[in-house]
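Here's upload26.cif, which has mmCIF, C-alpha atoms:
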```cif
data_protein
loop_
_atom_site.group_PDB
_atom_site.id
_atom_site.type_symbol
_atom_site.label_atom_id
_atom_site.label_comp_id
_atom_site.auth_asym_id
_atom_site.auth_seq_id
_atom_site.Cartn_x
_atom_site.Cartn_y
_atom_site.Cartn_z
ATOM 1 C CA MET A 5 66.791 139.476 73.931
ATOM 2 C CA PRO A 6 66.289 141.163 77.321
ATOM 3 C CA TYR A 7 63.088 143.141 77.882
ATOM 4 C CA HIS A 8 61.944 146.074 79.956
ATOM 5 C CA PHE A 9 58.783 145.545 82.042
ATOM 6 C CA SER A 10 56.192 148.322 82.129
ATOM 7 C CA ALA A 11 52.618 148.438 83.392
ATOM 8 C CA ALA A 12 51.202 147.213 80.080
ATOM 9 C CA THR A 13 53.901 145.625 77.900
ATOM 10 C CA TRP A 14 57.413 144.271 77.729
ATOM 11 C CA THR A 15 59.705 146.488 75.591
ATOM 12 C CA PRO A 16 63.272 145.729 74.420
ATOM 13 C CA GLN A 17 66.074 147.063 76.591
ATOM 14 C CA HIS A 18 69.820 146.680 76.071
ATOM 15 C CA THR A 19 71.023 145.169 79.323
ATOM 16 C CA SER A 20 72.795 142.030 80.330
ATOM 17 C CA THR A 21 71.140 138.697 79.578
ATOM 18 C CA SER A 22 71.067 137.729 83.255
ATOM 19 C CA ALA A 23 69.085 140.753 84.451
ATOM 20 C CA PHE A 24 66.121 142.926 83.446
ATOM 21 C CA ALA A 25 65.791 146.707 83.731
ATOM 22 C CA VAL A 26 62.602 147.576 85.589
ATOM 23 C CA GLY A 27 61.890 151.137 86.623
ATOM 24 C CA GLY A 28 65.555 152.078 86.239
ATOM 25 C CA PHE A 29 66.832 149.131 88.305
ATOM 26 C CA ALA A 30 68.468 145.917 87.169
ATOM 27 C CA TRP A 31 66.482 142.993 88.564
ATOM 28 C CA PRO A 32 67.703 139.376 88.536
ATOM 29 C CA ARG A 33 65.890 137.366 85.889
ATOM 30 C CA ASN A 34 64.459 134.718 88.264
ATOM 31 C CA GLN A 35 63.187 137.272 90.774
ATOM 32 C CA LEU A 36 61.430 139.292 88.088
ATOM 33 C CA LEU A 37 59.753 136.243 86.589
ATOM 34 C CA ARG A 38 58.522 135.172 90.025
ATOM 35 C CA THR A 39 57.155 138.678 90.617
ATOM 36 C CA HIS A 40 55.419 138.683 87.237
ATOM 37 C CA SER A 41 53.881 135.249 87.969
ATOM 38 C CA ILE A 42 52.558 136.436 91.325
ATOM 39 C CA CYS A 43 51.036 139.510 89.690
ATOM 40 C CA ARG A 44 49.274 137.353 87.111
ATOM 41 C CA ARG A 45 47.813 135.114 89.814
ATOM 42 C CA ALA A 46 46.620 138.179 91.704
ATOM 43 C CA LEU A 47 44.507 139.412 88.800
ATOM 44 C CA PRO A 48 40.737 139.156 89.389
ATOM 45 C CA ALA A 49 39.083 136.117 87.851
ATOM 46 C CA ARG A 50 36.835 136.575 84.858
ATOM 47 C CA ARG A 51 33.246 137.069 85.858
ATOM 48 C CA LYS A 52 31.102 133.987 85.375
ATOM 49 C CA ARG A 53 28.003 134.198 83.229
ATOM 50 C CA ILE A 54 24.807 134.278 85.262
ATOM 51 C CA PRO A 55 21.561 133.088 83.655
ATOM 52 C CA CYS A 56 19.288 135.887 82.483
ATOM 53 C CA VAL A 57 15.877 136.057 84.113
ATOM 54 C CA ARG A 58 14.379 138.972 82.257
ATOM 55 C CA ASN A 59 10.803 138.159 83.166
ATOM 56 C CA SER A 60 11.451 136.195 86.333
ATOM 57 C CA VAL A 61 11.545 137.150 89.994
ATOM 58 C CA PRO A 62 12.574 135.125 93.052
ATOM 59 C CA LEU A 63 9.864 132.742 94.156
ATOM 60 C CA SER A 64 9.971 134.123 97.687
ATOM 61 C CA THR A 65 8.853 137.624 96.617
ATOM 62 C CA ALA A 66 5.343 138.794 97.296
ATOM 63 C CA GLY A 67 2.904 138.414 94.448
ATOM 64 C CA SER A 68 4.558 135.297 93.030
ATOM 65 C CA THR A 69 2.104 132.645 91.945
ATOM 66 C CA GLN A 70 4.572 129.828 92.643
ATOM 67 C CA PRO A 71 5.093 128.467 96.168
ATOM 68 C CA GLU A 72 8.448 128.999 97.785
ATOM 69 C CA PRO A 73 10.576 125.844 97.459
ATOM 70 C CA SER A 74 11.574 124.084 100.628
ATOM 71 C CA PRO A 75 14.022 121.250 101.228
ATOM 72 C CA VAL A 76 12.699 117.730 101.538
ATOM 73 C CA SER A 77 11.899 116.976 105.155
ATOM 74 C CA ASP A 78 12.450 113.711 106.957
ATOM 75 C CA ALA A 79 8.719 113.015 106.985
ATOM 76 C CA GLU A 80 8.507 113.519 103.203
ATOM 77 C CA CYS A 81 11.477 111.209 102.778
ATOM 78 C CA VAL A 82 9.744 108.490 104.767
ATOM 79 C CA ALA A 83 6.377 108.871 103.025
ATOM 80 C CA ALA A 84 7.740 109.195 99.466
ATOM 81 C CA PRO A 85 5.645 107.134 96.998
ATOM 82 C CA LEU A 86 7.220 104.183 95.224
ATOM 83 C CA ASP A 87 5.742 103.085 91.902
ATOM 84 C CA ILE A 88 6.370 99.615 90.490
ATOM 85 C CA ILE A 89 7.034 99.740 86.736
ATOM 86 C CA ALA A 90 7.232 95.979 86.101
ATOM 87 C CA LEU A 91 7.234 92.811 88.201
ATOM 88 C CA GLN A 92 8.602 89.481 86.942
ATOM 89 C CA GLU A 93 9.508 86.213 88.604
ATOM 90 C CA ASN A 94 13.155 87.093 89.227
ATOM 91 C CA TRP A 95 13.252 90.896 89.140
ATOM 92 C CA VAL A 96 11.228 94.023 89.788
ATOM 93 C CA ALA A 97 11.569 97.504 88.286
ATOM 94 C CA VAL A 98 10.548 100.601 90.254
ATOM 95 C CA ASN A 99 10.435 104.351 89.757
ATOM 96 C CA LYS A 100 12.713 105.609 92.519
ATOM 97 C CA PRO A 101 11.576 108.892 94.093
ATOM 98 C CA PRO A 102 14.181 111.585 94.828
ATOM 99 C CA SER A 103 15.784 112.007 98.270
ATOM 100 C CA MET A 104 15.649 108.285 99.090
ATOM 101 C CA LEU A 105 18.665 106.043 99.568
ATOM 102 C CA VAL A 106 18.655 102.725 97.715
ATOM 103 C CA HIS A 107 20.089 100.896 100.732
ATOM 104 C CA ARG A 108 22.065 101.601 103.868
ATOM 105 C CA THR A 109 25.577 102.842 103.078
ATOM 106 C CA LYS A 110 28.445 104.647 104.740
ATOM 107 C CA LEU A 111 28.632 107.117 101.844
ATOM 108 C CA TYR A 112 25.570 109.017 103.078
ATOM 109 C CA HIS A 113 24.552 110.130 106.538
ATOM 110 C CA ALA A 114 21.310 108.411 107.534
ATOM 111 C CA ARG A 115 18.447 110.742 108.437
ATOM 112 C CA PRO A 116 16.140 110.177 111.404
ATOM 113 C CA ARG A 117 13.595 107.476 110.581
ATOM 114 C CA GLU A 118 15.329 106.873 107.241
ATOM 115 C CA THR A 119 13.426 104.649 104.811
ATOM 116 C CA TYR A 120 15.338 102.829 102.092
ATOM 117 C CA VAL A 121 14.123 101.903 98.633
ATOM 118 C CA VAL A 122 15.071 98.245 99.061
ATOM 119 C CA ASP A 123 12.900 98.018 102.185
ATOM 120 C CA GLU A 124 9.923 99.606 100.433
ATOM 121 C CA VAL A 125 10.340 97.263 97.456
ATOM 122 C CA ARG A 126 10.481 94.240 99.770
ATOM 123 C CA LYS A 127 7.279 95.423 101.447
ATOM 124 C CA ARG A 128 5.425 96.092 98.190
ATOM 125 C CA VAL A 129 6.452 92.812 96.554
ATOM 126 C CA GLY A 130 5.490 90.897 99.704
ATOM 127 C CA GLU A 131 2.045 92.495 99.651
ATOM 128 C CA ILE A 132 1.530 91.597 95.984
ATOM 129 C CA ARG A 133 2.778 88.014 96.205
ATOM 130 C CA GLY A 134 1.467 87.338 99.681
ATOM 131 C CA LEU A 135 4.747 85.878 100.968
ATOM 132 C CA PRO A 136 8.146 87.256 101.993
ATOM 133 C CA THR A 137 10.585 87.687 99.101
ATOM 134 C CA ALA A 138 14.321 88.447 99.187
ATOM 135 C CA VAL A 139 15.117 91.710 97.353
ATOM 136 C CA LEU A 140 18.726 92.347 96.274
ATOM 137 C CA PRO A 141 20.051 95.618 94.764
ATOM 138 C CA VAL A 142 21.932 95.162 91.469
ATOM 139 C CA GLN A 143 22.469 98.831 90.531
ATOM 140 C CA ARG A 144 22.707 102.145 92.304
ATOM 141 C CA LEU A 145 21.267 105.630 92.036
ATOM 142 C CA ASP A 146 22.346 108.577 94.152
ATOM 143 C CA ARG A 147 20.007 109.851 96.848
ATOM 144 C CA PRO A 148 18.762 112.910 94.873
ATOM 145 C CA THR A 149 18.452 111.022 91.555
ATOM 146 C CA SER A 150 15.037 109.717 90.564
ATOM 147 C CA GLY A 151 13.878 107.257 87.928
ATOM 148 C CA ALA A 152 13.910 103.661 86.758
ATOM 149 C CA MET A 153 16.002 101.020 88.502
ATOM 150 C CA VAL A 154 15.890 97.228 88.899
ATOM 151 C CA PHE A 155 16.121 94.872 91.889
ATOM 152 C CA ALA A 156 16.696 91.122 91.819
ATOM 153 C CA LEU A 157 14.256 88.754 93.509
ATOM 154 C CA GLY A 158 15.493 85.525 95.026
ATOM 155 C CA ASP A 159 19.058 84.457 95.741
ATOM 156 C CA SER A 160 22.482 85.919 94.987
ATOM 157 C CA LYS A 161 22.864 83.772 91.838
ATOM 158 C CA LYS A 162 19.875 85.433 90.190
ATOM 159 C CA ALA A 163 21.170 88.821 91.311
ATOM 160 C CA SER A 164 24.545 88.112 89.680
ATOM 161 C CA GLN A 165 22.881 87.093 86.404
ATOM 162 C CA LEU A 166 20.762 90.233 86.363
ATOM 163 C CA GLN A 167 23.762 92.401 87.157
ATOM 164 C CA HIS A 168 25.716 90.920 84.234
ATOM 165 C CA ALA A 169 22.737 91.592 81.956
ATOM 166 C CA LEU A 170 22.672 95.252 83.030
ATOM 167 C CA GLN A 171 26.425 95.596 82.425
ATOM 168 C CA SER A 172 26.488 93.915 79.002
ATOM 169 C CA GLU A 173 26.954 95.818 75.746
ATOM 170 C CA HIS A 174 23.329 95.084 74.792
ATOM 171 C CA SER A 175 21.946 97.065 77.733
ATOM 172 C CA ARG A 176 21.175 100.786 77.586
ATOM 173 C CA LYS A 177 20.868 103.338 80.388
ATOM 174 C CA GLU A 178 19.442 106.726 79.507
ATOM 175 C CA TYR A 179 19.314 109.692 81.871
ATOM 176 C CA TRP A 180 17.843 113.168 81.523
ATOM 177 C CA ALA A 181 19.380 116.162 83.263
ATOM 178 C CA ILE A 182 18.771 119.906 83.441
ATOM 179 C CA ALA A 183 22.202 121.484 83.034
ATOM 180 C CA PHE A 184 23.691 124.956 83.109
ATOM 181 C CA GLY A 185 24.498 126.508 79.744
ATOM 182 C CA ALA A 186 22.483 126.841 76.535
ATOM 183 C CA GLU A 187 25.474 127.005 74.177
ATOM 184 C CA MET A 188 26.685 123.452 73.745
ATOM 185 C CA PRO A 189 27.115 120.984 70.888
ATOM 186 C CA GLN A 190 24.027 119.156 69.742
ATOM 187 C CA LYS A 191 25.830 115.877 70.425
ATOM 188 C CA TRP A 192 29.146 115.187 72.080
ATOM 189 C CA GLU A 193 31.042 112.529 73.978
ATOM 190 C CA ASN A 194 33.183 112.644 77.093
ATOM 191 C CA HIS A 195 35.858 109.990 77.627
ATOM 192 C CA HIS A 196 37.567 111.629 80.588
ATOM 193 C CA SER A 197 38.850 108.919 82.926
ATOM 194 C CA LEU A 198 37.539 109.103 86.484
ATOM 195 C CA ARG A 199 39.317 108.339 89.713
ATOM 196 C CA ASP A 200 37.584 106.271 92.390
ATOM 197 C CA LEU A 201 35.958 108.414 95.067
ATOM 198 C CA THR A 202 36.455 105.809 97.803
ATOM 199 C CA GLY A 203 39.150 103.336 98.765
ATOM 200 C CA LYS A 204 42.811 103.645 99.612
ATOM 201 C CA THR A 205 44.277 103.467 96.095
ATOM 202 C CA ARG A 206 41.776 105.779 94.321
ATOM 203 C CA LYS A 207 42.477 104.012 91.052
ATOM 204 C CA GLU A 208 41.813 105.907 87.833
ATOM 205 C CA ARG A 209 39.365 104.092 85.551
ATOM 206 C CA SER A 210 38.157 104.610 82.009
ATOM 207 C CA ALA A 211 34.716 106.210 81.571
ATOM 208 C CA SER A 212 32.608 107.063 78.518
ATOM 209 C CA SER A 213 29.424 109.119 78.313
ATOM 210 C CA MET A 214 27.394 110.302 75.312
ATOM 211 C CA PHE A 215 25.364 113.507 75.574
ATOM 212 C CA GLU A 216 22.674 115.126 73.435
ATOM 213 C CA GLN A 217 20.939 118.467 73.905
ATOM 214 C CA LEU A 218 17.168 117.931 73.824
ATOM 215 C CA LEU A 219 15.903 121.379 74.785
ATOM 216 C CA ARG A 220 17.630 124.780 74.810
ATOM 217 C CA LEU A 221 16.517 127.749 76.954
ATOM 218 C CA ASP A 222 18.652 130.711 75.850
ATOM 219 C CA GLU A 223 17.385 133.407 78.207
ATOM 220 C CA SER A 224 17.648 131.151 81.246
ATOM 221 C CA ASP A 225 20.961 129.726 79.954
ATOM 222 C CA LEU A 226 19.796 126.166 80.669
ATOM 223 C CA SER A 227 19.462 122.949 78.666
ATOM 224 C CA VAL A 228 17.791 119.576 78.924
ATOM 225 C CA VAL A 229 20.486 116.993 78.207
ATOM 226 C CA ARG A 230 20.145 113.292 77.493
ATOM 227 C CA ALA A 231 23.022 111.150 78.770
ATOM 228 C CA THR A 232 23.791 107.583 77.710
ATOM 229 C CA LEU A 233 26.409 105.577 79.586
ATOM 230 C CA ALA A 234 28.947 103.135 78.168
ATOM 231 C CA THR A 235 30.505 102.582 81.605
ATOM 232 C CA GLY A 236 29.182 102.819 85.138
ATOM 233 C CA ARG A 237 31.440 104.887 87.386
ATOM 234 C CA ARG A 238 30.232 106.633 90.503
ATOM 235 C CA HIS A 239 28.841 110.107 89.738
ATOM 236 C CA GLN A 240 29.872 109.601 86.104
ATOM 237 C CA ILE A 241 27.199 111.810 84.505
ATOM 238 C CA ARG A 242 27.554 114.509 87.147
ATOM 239 C CA ARG A 243 31.333 114.585 86.846
ATOM 240 C CA HIS A 244 31.462 114.441 83.059
ATOM 241 C CA LEU A 245 28.930 117.254 82.688
ATOM 242 C CA SER A 246 30.856 119.308 85.221
ATOM 243 C CA TYR A 247 34.107 118.728 83.301
ATOM 244 C CA SER A 248 32.265 119.874 80.157
ATOM 245 C CA ARG A 249 31.339 123.170 81.919
ATOM 246 C CA HIS A 250 27.670 122.174 82.050
ATOM 247 C CA ALA A 251 27.060 121.091 85.630
ATOM 248 C CA ILE A 252 23.622 119.814 86.654
ATOM 249 C CA LEU A 253 21.252 122.168 88.457
ATOM 250 C CA GLY A 254 21.199 121.561 92.201
ATOM 251 C CA ASP A 255 24.341 119.409 92.205
ATOM 252 C CA THR A 256 25.973 120.429 95.486
ATOM 253 C CA SER A 257 29.151 118.439 94.740
ATOM 254 C CA TYR A 258 30.061 119.564 91.206
ATOM 255 C CA ALA A 259 28.165 122.823 90.553
ATOM 256 C CA LYS A 260 28.968 126.299 91.862
ATOM 257 C CA GLY A 261 27.203 127.379 95.038
ATOM 258 C CA THR A 262 26.258 130.753 93.546
ATOM 259 C CA GLN A 263 24.610 129.042 90.584
ATOM 260 C CA ASN A 264 22.687 126.642 92.814
ATOM 261 C CA ARG A 265 21.425 129.458 95.024
ATOM 262 C CA PHE A 266 20.296 131.375 91.959
ATOM 263 C CA VAL A 267 18.269 128.523 90.432
ATOM 264 C CA ARG A 268 16.854 127.619 93.849
ATOM 265 C CA GLU A 269 15.519 131.157 94.331
ATOM 266 C CA HIS A 270 14.217 131.706 90.789
ATOM 267 C CA PHE A 271 13.322 128.257 89.464
ATOM 268 C CA GLY A 272 12.541 126.288 92.634
ATOM 269 C CA VAL A 273 15.368 123.751 92.329
ATOM 270 C CA THR A 274 15.540 121.689 95.528
ATOM 271 C CA ARG A 275 17.701 118.725 94.427
ATOM 272 C CA CYS A 276 20.094 117.519 91.744
ATOM 273 C CA CYS A 277 18.061 117.596 88.515
ATOM 274 C CA LEU A 278 19.000 114.130 87.250
ATOM 275 C CA HIS A 279 16.479 111.451 86.280
ATOM 276 C CA SER A 280 16.882 107.861 85.078
ATOM 277 C CA ARG A 281 14.567 108.023 82.054
ATOM 278 C CA ARG A 282 14.932 104.629 80.325
ATOM 279 C CA LEU A 283 16.521 101.281 81.026
ATOM 280 C CA SER A 284 16.884 98.420 78.543
ATOM 281 C CA PHE A 285 18.437 94.991 79.040
ATOM 282 C CA THR A 286 18.039 91.330 78.120
ATOM 283 C CA ASP A 287 16.172 89.161 80.603
ATOM 284 C CA PRO A 288 18.667 86.513 81.784
ATOM 285 C CA GLU A 289 15.881 83.948 82.267
ATOM 286 C CA ASN A 290 14.204 83.891 78.837
ATOM 287 C CA GLY A 291 16.362 86.176 76.654
ATOM 288 C CA THR A 292 13.602 88.694 75.900
ATOM 289 C CA GLN A 293 14.416 92.367 75.475
ATOM 290 C CA ILE A 294 13.117 94.492 78.364
ATOM 291 C CA ASN A 295 12.441 98.206 77.832
ATOM 292 C CA LEU A 296 11.555 100.224 80.919
ATOM 293 C CA GLU A 297 10.613 103.887 81.119
ATOM 294 C CA ALA A 298 10.032 106.242 84.054
ATOM 295 C CA PRO A 299 8.089 109.484 83.459
ATOM 296 C CA VAL A 300 9.754 112.794 84.233
ATOM 297 C CA PRO A 301 8.785 113.742 87.812
ATOM 298 C CA GLN A 302 6.656 116.779 88.523
ATOM 299 C CA ASP A 303 9.390 118.745 90.315
ATOM 300 C CA LEU A 304 11.600 118.754 87.203
ATOM 301 C CA ARG A 305 8.629 119.718 85.046
ATOM 302 C CA ASP A 306 7.968 122.661 87.363
ATOM 303 C CA VAL A 307 11.597 123.810 87.078
ATOM 304 C CA LEU A 308 11.383 123.796 83.278
ATOM 305 C CA ALA A 309 8.030 125.584 83.345
ATOM 306 C CA ARG A 310 9.466 128.396 85.473
ATOM 307 C CA ALA A 311 12.595 128.620 83.313
ATOM 308 C CA SER A 312 10.516 128.848 80.123
ATOM 309 C CA GLU A 313 8.785 131.983 81.432
ATOM 310 C CA CYS A 314 12.083 133.845 80.876
ATOM 311 C CA GLU A 315 12.091 133.144 77.165
ATOM 312 C CA GLN A 316 11.110 135.838 74.698
ATOM 313 C CA HIS A 317 9.185 133.300 72.626
ATOM 314 C CA HIS A 318 6.804 131.115 74.598
ATOM 315 C CA ASP A 319 6.281 128.547 71.811
ATOM 316 C CA ILE A 320 8.850 126.246 73.409
ATOM 317 C CA THR A 321 7.977 122.564 73.444
ATOM 318 C CA LEU A 322 7.674 121.608 77.099
ATOM 319 C CA ASP A 323 5.675 118.447 76.457
ATOM 320 C CA LEU A 324 8.461 116.110 77.568
ATOM 321 C CA GLY A 325 6.548 113.062 76.405
ATOM 322 C CA ASN A 326 6.398 114.288 72.806
ATOM 323 C CA LEU A 327 9.966 115.508 73.114
ATOM 324 C CA ALA A 328 11.062 112.008 74.009
ATOM 325 C CA GLU A 329 9.288 110.492 71.026
ATOM 326 C CA ASP A 330 10.748 113.041 68.603
ATOM 327 C CA THR A 331 14.350 112.597 69.758
ATOM 328 C CA ARG A 332 14.458 108.889 70.505
#
```
Can the structure from this file be put into structure tokens for me?
Amino acid sequence: MPYHFSAATWTPQHTSTSAFAVGGFAWPRNQLLRTHSICRRALPARRKRIPCVRNSVPLSTAGSTQPEPSPVSDAECVAAPLDIIALQENWVAVNKPPSMLVHRTKLYHARPRETYVVDEVRKRVGEIRGLPTAVLPVQRLDRPTSGAMVFALGDSKKASQLQHALQSEHSRKEYWAIAFGAEMPQKWENHHSLRDLTGKTRKERSASSMFEQLLRLDESDLSVVRATLATGRRHQIRRHLSYSRHAILGDTSYAKGTQNRFVREHFGVTRCCLHSRRLSFTDPENGTQINLEAPVPQDLRDVLARASECEQHHDITLDLGNLAEDTR
């Protein structure tokens, strides 16, 4: 049945089936539908929810007890500490600091006097053993991501064996992230396939991530999320959380710029709040189960401490060590 278009509704009108009566004129059907579609696209977008900071003020204001956050400088990047978690005959595990590249790559622009994690590991292992040792990367972490990661020691054969052990179904990679949004399921999975970010074909590959909400901050509209990977695609956690409408704080690639500016001013976020918390695999040499753990860095603890000040009830558990034991 033909309809008459008004400012608010479509009402029946007895006209021909090939035209619509609008404002006393007969409009062709296709032209009217195109006009209506353009009008719908011109409507203002729904306003995004901004985290509430009832008791919080920007860190740069006078009287604030917290220092104003500043981006990581080149000197800080060079002098970043590197802690060794475990050292074995054929591999070494380290706690990667944020803002350091694992190795030289074309995916990131090298900073002046750039220092790479693989070079620092080679230096530290050489000092401990007293002789030069070949260090080979077998996994990757993005520049802003911190936490546990493993390097192979020796030749490429040992590196291949260790890489297969990390990719087997018996291995486990656990990450912690501070994400936007307090209203989310307690547990959920994301199986959205991901397209390659580099290469000519940009092939679409299967990807699976499991998420669990560990801590909920309602007033700040933030959550601490634990992510466990079944596959290892580039930026998998960051992309899957973004597709779930819960992007990671400080993620300049998949989070909104307005949100990142807000949390930088109020909570002191200076990087992507993603941390490799635990790593488990089977040692390819002797078959023993290896369980590695990297403590949550101080900068992420400071972000959560500032965000908790916005809550009406201050009895929130911010002891991340106890939180890990309770939810393991």
Fill in: Sel. within 9 Å of pt (10.2, 115.9, 91.8), counting all atoms listed in the file, output as an MDAnalysis selection string
chainID A and resid 101:102 150 274:275 277 300:306
Using C-alpha atoms, can you write the selected residues to a file as an mmCIF file, in the coordinates of the input?
```cif
data_model
loop_
_atom_site.group_PDB
_atom_site.id
_atom_site.type_symbol
_atom_site.label_atom_id
_atom_site.label_comp_id
_atom_site.auth_asym_id
_atom_site.auth_seq_id
_atom_site.Cartn_x
_atom_site.Cartn_y
_atom_site.Cartn_z
ATOM 1 C CA PRO A 101 11.576 108.892 94.093
ATOM 2 C CA PRO A 102 14.181 111.585 94.828
ATOM 3 C CA SER A 150 15.037 109.717 90.564
ATOM 4 C CA THR A 274 15.540 121.689 95.528
ATOM 5 C CA ARG A 275 17.701 118.725 94.427
ATOM 6 C CA CYS A 277 18.061 117.596 88.515
ATOM 7 C CA VAL A 300 9.754 112.794 84.233
ATOM 8 C CA PRO A 301 8.785 113.742 87.812
ATOM 9 C CA GLN A 302 6.656 116.779 88.523
ATOM 10 C CA ASP A 303 9.390 118.745 90.315
ATOM 11 C CA LEU A 304 11.600 118.754 87.203
ATOM 12 C CA ARG A 305 8.629 119.718 85.046
ATOM 13 C CA ASP A 306 7.968 122.661 87.363
#
```
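The space between CA of Arg199 in chain A and CA of Ala211 in chain A spans 9.6 Å.
Remark: for Ile182 in chain A, the closest of the candidate residues A:Gln165, A:Ser224, A:Thr202, A:Gln240 is A:Ser224 (distances computed over all atoms listed in the file).
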Item to complete: Please provide as number ranges by chain all residues within 12 Å of Trp192 in chain A, with the sequence filter that same-chain residues fewer than 2 positions apart are discarded (counting all atoms listed in the file).
Response: A: 188-190, 194-195, 212-217, 229-232, 244-245, 248
Please, which residues in range 160-234 of chain A fall within 9 Å of range 285-290 of chain A when counting only C-alpha atoms, and what is the closest atom pair and distance in Å to one decimal for each, ordered by chain then residue number, as JSON lines?
```
{"residue": "A:Lys162", "atom": "CA", "partner": "A:Pro288", "partner_atom": "CA", "distance": 8.6}
{"residue": "A:Gln165", "atom": "CA", "partner": "A:Pro288", "partner_atom": "CA", "distance": 6.3}
{"residue": "A:Leu166", "atom": "CA", "partner": "A:Pro288", "partner_atom": "CA", "distance": 6.3}
{"residue": "A:His168", "atom": "CA", "partner": "A:Pro288", "partner_atom": "CA", "distance": 8.7}
{"residue": "A:Ala169", "atom": "CA", "partner": "A:Thr286", "partner_atom": "CA", "distance": 6.1}
{"residue": "A:Leu170", "atom": "CA", "partner": "A:Phe285", "partner_atom": "CA", "distance": 5.8}
{"residue": "A:Gln171", "atom": "CA", "partner": "A:Phe285", "partner_atom": "CA", "distance": 8.7}
{"residue": "A:Ser172", "atom": "CA", "partner": "A:Phe285", "partner_atom": "CA", "distance": 8.1}
{"residue": "A:His174", "atom": "CA", "partner": "A:Phe285", "partner_atom": "CA", "distance": 6.5}
{"residue": "A:Ser175", "atom": "CA", "partner": "A:Phe285", "partner_atom": "CA", "distance": 4.3}
{"residue": "A:Arg176", "atom": "CA", "partner": "A:Phe285", "partner_atom": "CA", "distance": 6.6}
{"residue": "A:Lys177", "atom": "CA", "partner": "A:Phe285", "partner_atom": "CA", "distance": 8.8}
```
Let's have the selection written as a PDB file, keeping the file's coordinate frame, with C-alpha atoms.
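What ended up in part07.pdb:
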```pdb
ATOM      1  CA  LYS A 162      19.875  85.433  90.190  1.00  0.00           C
ATOM      2  CA  GLN A 165      22.881  87.093  86.404  1.00  0.00           C
ATOM      3  CA  LEU A 166      20.762  90.233  86.363  1.00  0.00           C
ATOM      4  CA  HIS A 168      25.716  90.920  84.234  1.00  0.00           C
ATOM      5  CA  ALA A 169      22.737  91.592  81.956  1.00  0.00           C
ATOM      6  CA  LEU A 170      22.672  95.252  83.030  1.00  0.00           C
ATOM      7  CA  GLN A 171      26.425  95.596  82.425  1.00  0.00           C
ATOM      8  CA  SER A 172      26.488  93.915  79.002  1.00  0.00           C
ATOM      9  CA  HIS A 174      23.329  95.084  74.792  1.00  0.00           C
ATOM     10  CA  SER A 175      21.946  97.065  77.733  1.00  0.00           C
ATOM     11  CA  ARG A 176      21.175 100.786  77.586  1.00  0.00           C
ATOM     12  CA  LYS A 177      20.868 103.338  80.388  1.00  0.00           C
TER      13      LYS A 177
END
```
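Relative to CA of Asp255 in chain A, CA of Asp225 in chain A is found at 16.4 Å.
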Worksheet entry | Output check: residues returned by the PyMOL selection byres ((chain A and resi 88) around 10), as a PyMOL selection string | chain A and resi 85-87+89-91+96-100+125+128-129+152-154+298
Practice prompt. Kindly indicate which residue among A:Leu283, A:Val273, A:Ile241, A:Leu278 lies nearest to Leu308 in chain A, using all atoms listed in the file for the distances.
Written response: A:Val273
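The spacing separating CA of Asp222 in chain A from CA of Glu193 in chain A amounts to 22.1 Å.
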Item to complete: For the file shown, report as a PyMOL selection string the outcome of the PyMOL selection byres ((chain A and resi 297) around 6) at residue level.
Response: chain A and resi 281-282+296+298
For range 263-267 of chain A: contacts at 7 Å, only C-alpha atoms, fewer than 5 positions along chain excluded, given as a compact mmCIF listing (two decimals) with C-alpha atoms, keeping the file's coordinate frame:
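Ended up saving to selection-v2.txt:
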```
# COMPACT_ATOMS: atom_id res chain seq x y z
CA LEU A 253 21.25 122.17 88.46
CA GLY A 254 21.20 121.56 92.20
CA GLY A 272 12.54 126.29 92.63
CA VAL A 273 15.37 123.75 92.33
```
Worksheet item: Which of these, A:Glu173, A:Val106, A:Tyr247, A:Cys314, has the shortest distance to Thr149 in chain A once you count only C-alpha atoms?
Response: A:Val106
Worksheet item: Counting all atoms listed in the file, what is within 10 Å of Ala259 in chain A, bar same-chain residues fewer than 6 positions away, as a count of residues only?
Response: 12
Please return as a tab-separated table (two decimals) with C-alpha atoms, in the frame of the given file every residue within 10 Å of (14.7, 126.8, 77.3), taking into account only C-alpha atoms and the file's own coordinates.
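The resulting file, point39.tsv, is shown below:
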```tsv
chain	number	residue	atom	x	y	z
A	186	ALA	CA	22.48	126.84	76.54
A	218	LEU	CA	17.17	117.93	73.82
A	219	LEU	CA	15.90	121.38	74.78
A	220	ARG	CA	17.63	124.78	74.81
A	221	LEU	CA	16.52	127.75	76.95
A	222	ASP	CA	18.65	130.71	75.85
A	223	GLU	CA	17.39	133.41	78.21
A	224	SER	CA	17.65	131.15	81.25
A	225	ASP	CA	20.96	129.73	79.95
A	226	LEU	CA	19.80	126.17	80.67
A	227	SER	CA	19.46	122.95	78.67
A	228	VAL	CA	17.79	119.58	78.92
A	308	LEU	CA	11.38	123.80	83.28
A	309	ALA	CA	8.03	125.58	83.34
A	310	ARG	CA	9.47	128.40	85.47
A	311	ALA	CA	12.60	128.62	83.31
A	312	SER	CA	10.52	128.85	80.12
A	313	GLU	CA	8.78	131.98	81.43
A	314	CYS	CA	12.08	133.84	80.88
A	315	GLU	CA	12.09	133.14	77.17
A	317	HIS	CA	9.18	133.30	72.63
A	318	HIS	CA	6.80	131.12	74.60
A	320	ILE	CA	8.85	126.25	73.41
A	321	THR	CA	7.98	122.56	73.44
A	322	LEU	CA	7.67	121.61	77.10
```
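Distance annotation: of A:Leu135, A:Met104, A:Trp95, A:Lys161, the residue with the minimal separation from Arg117 in chain A is A:Met104; atom set is all atoms listed in the file.
With all atoms listed in the file as the basis for measurement, A:Arg147 is the residue among A:Asn94, A:Arg147, A:Ile132, A:Lys260 that approaches Tyr120 in chain A most closely.
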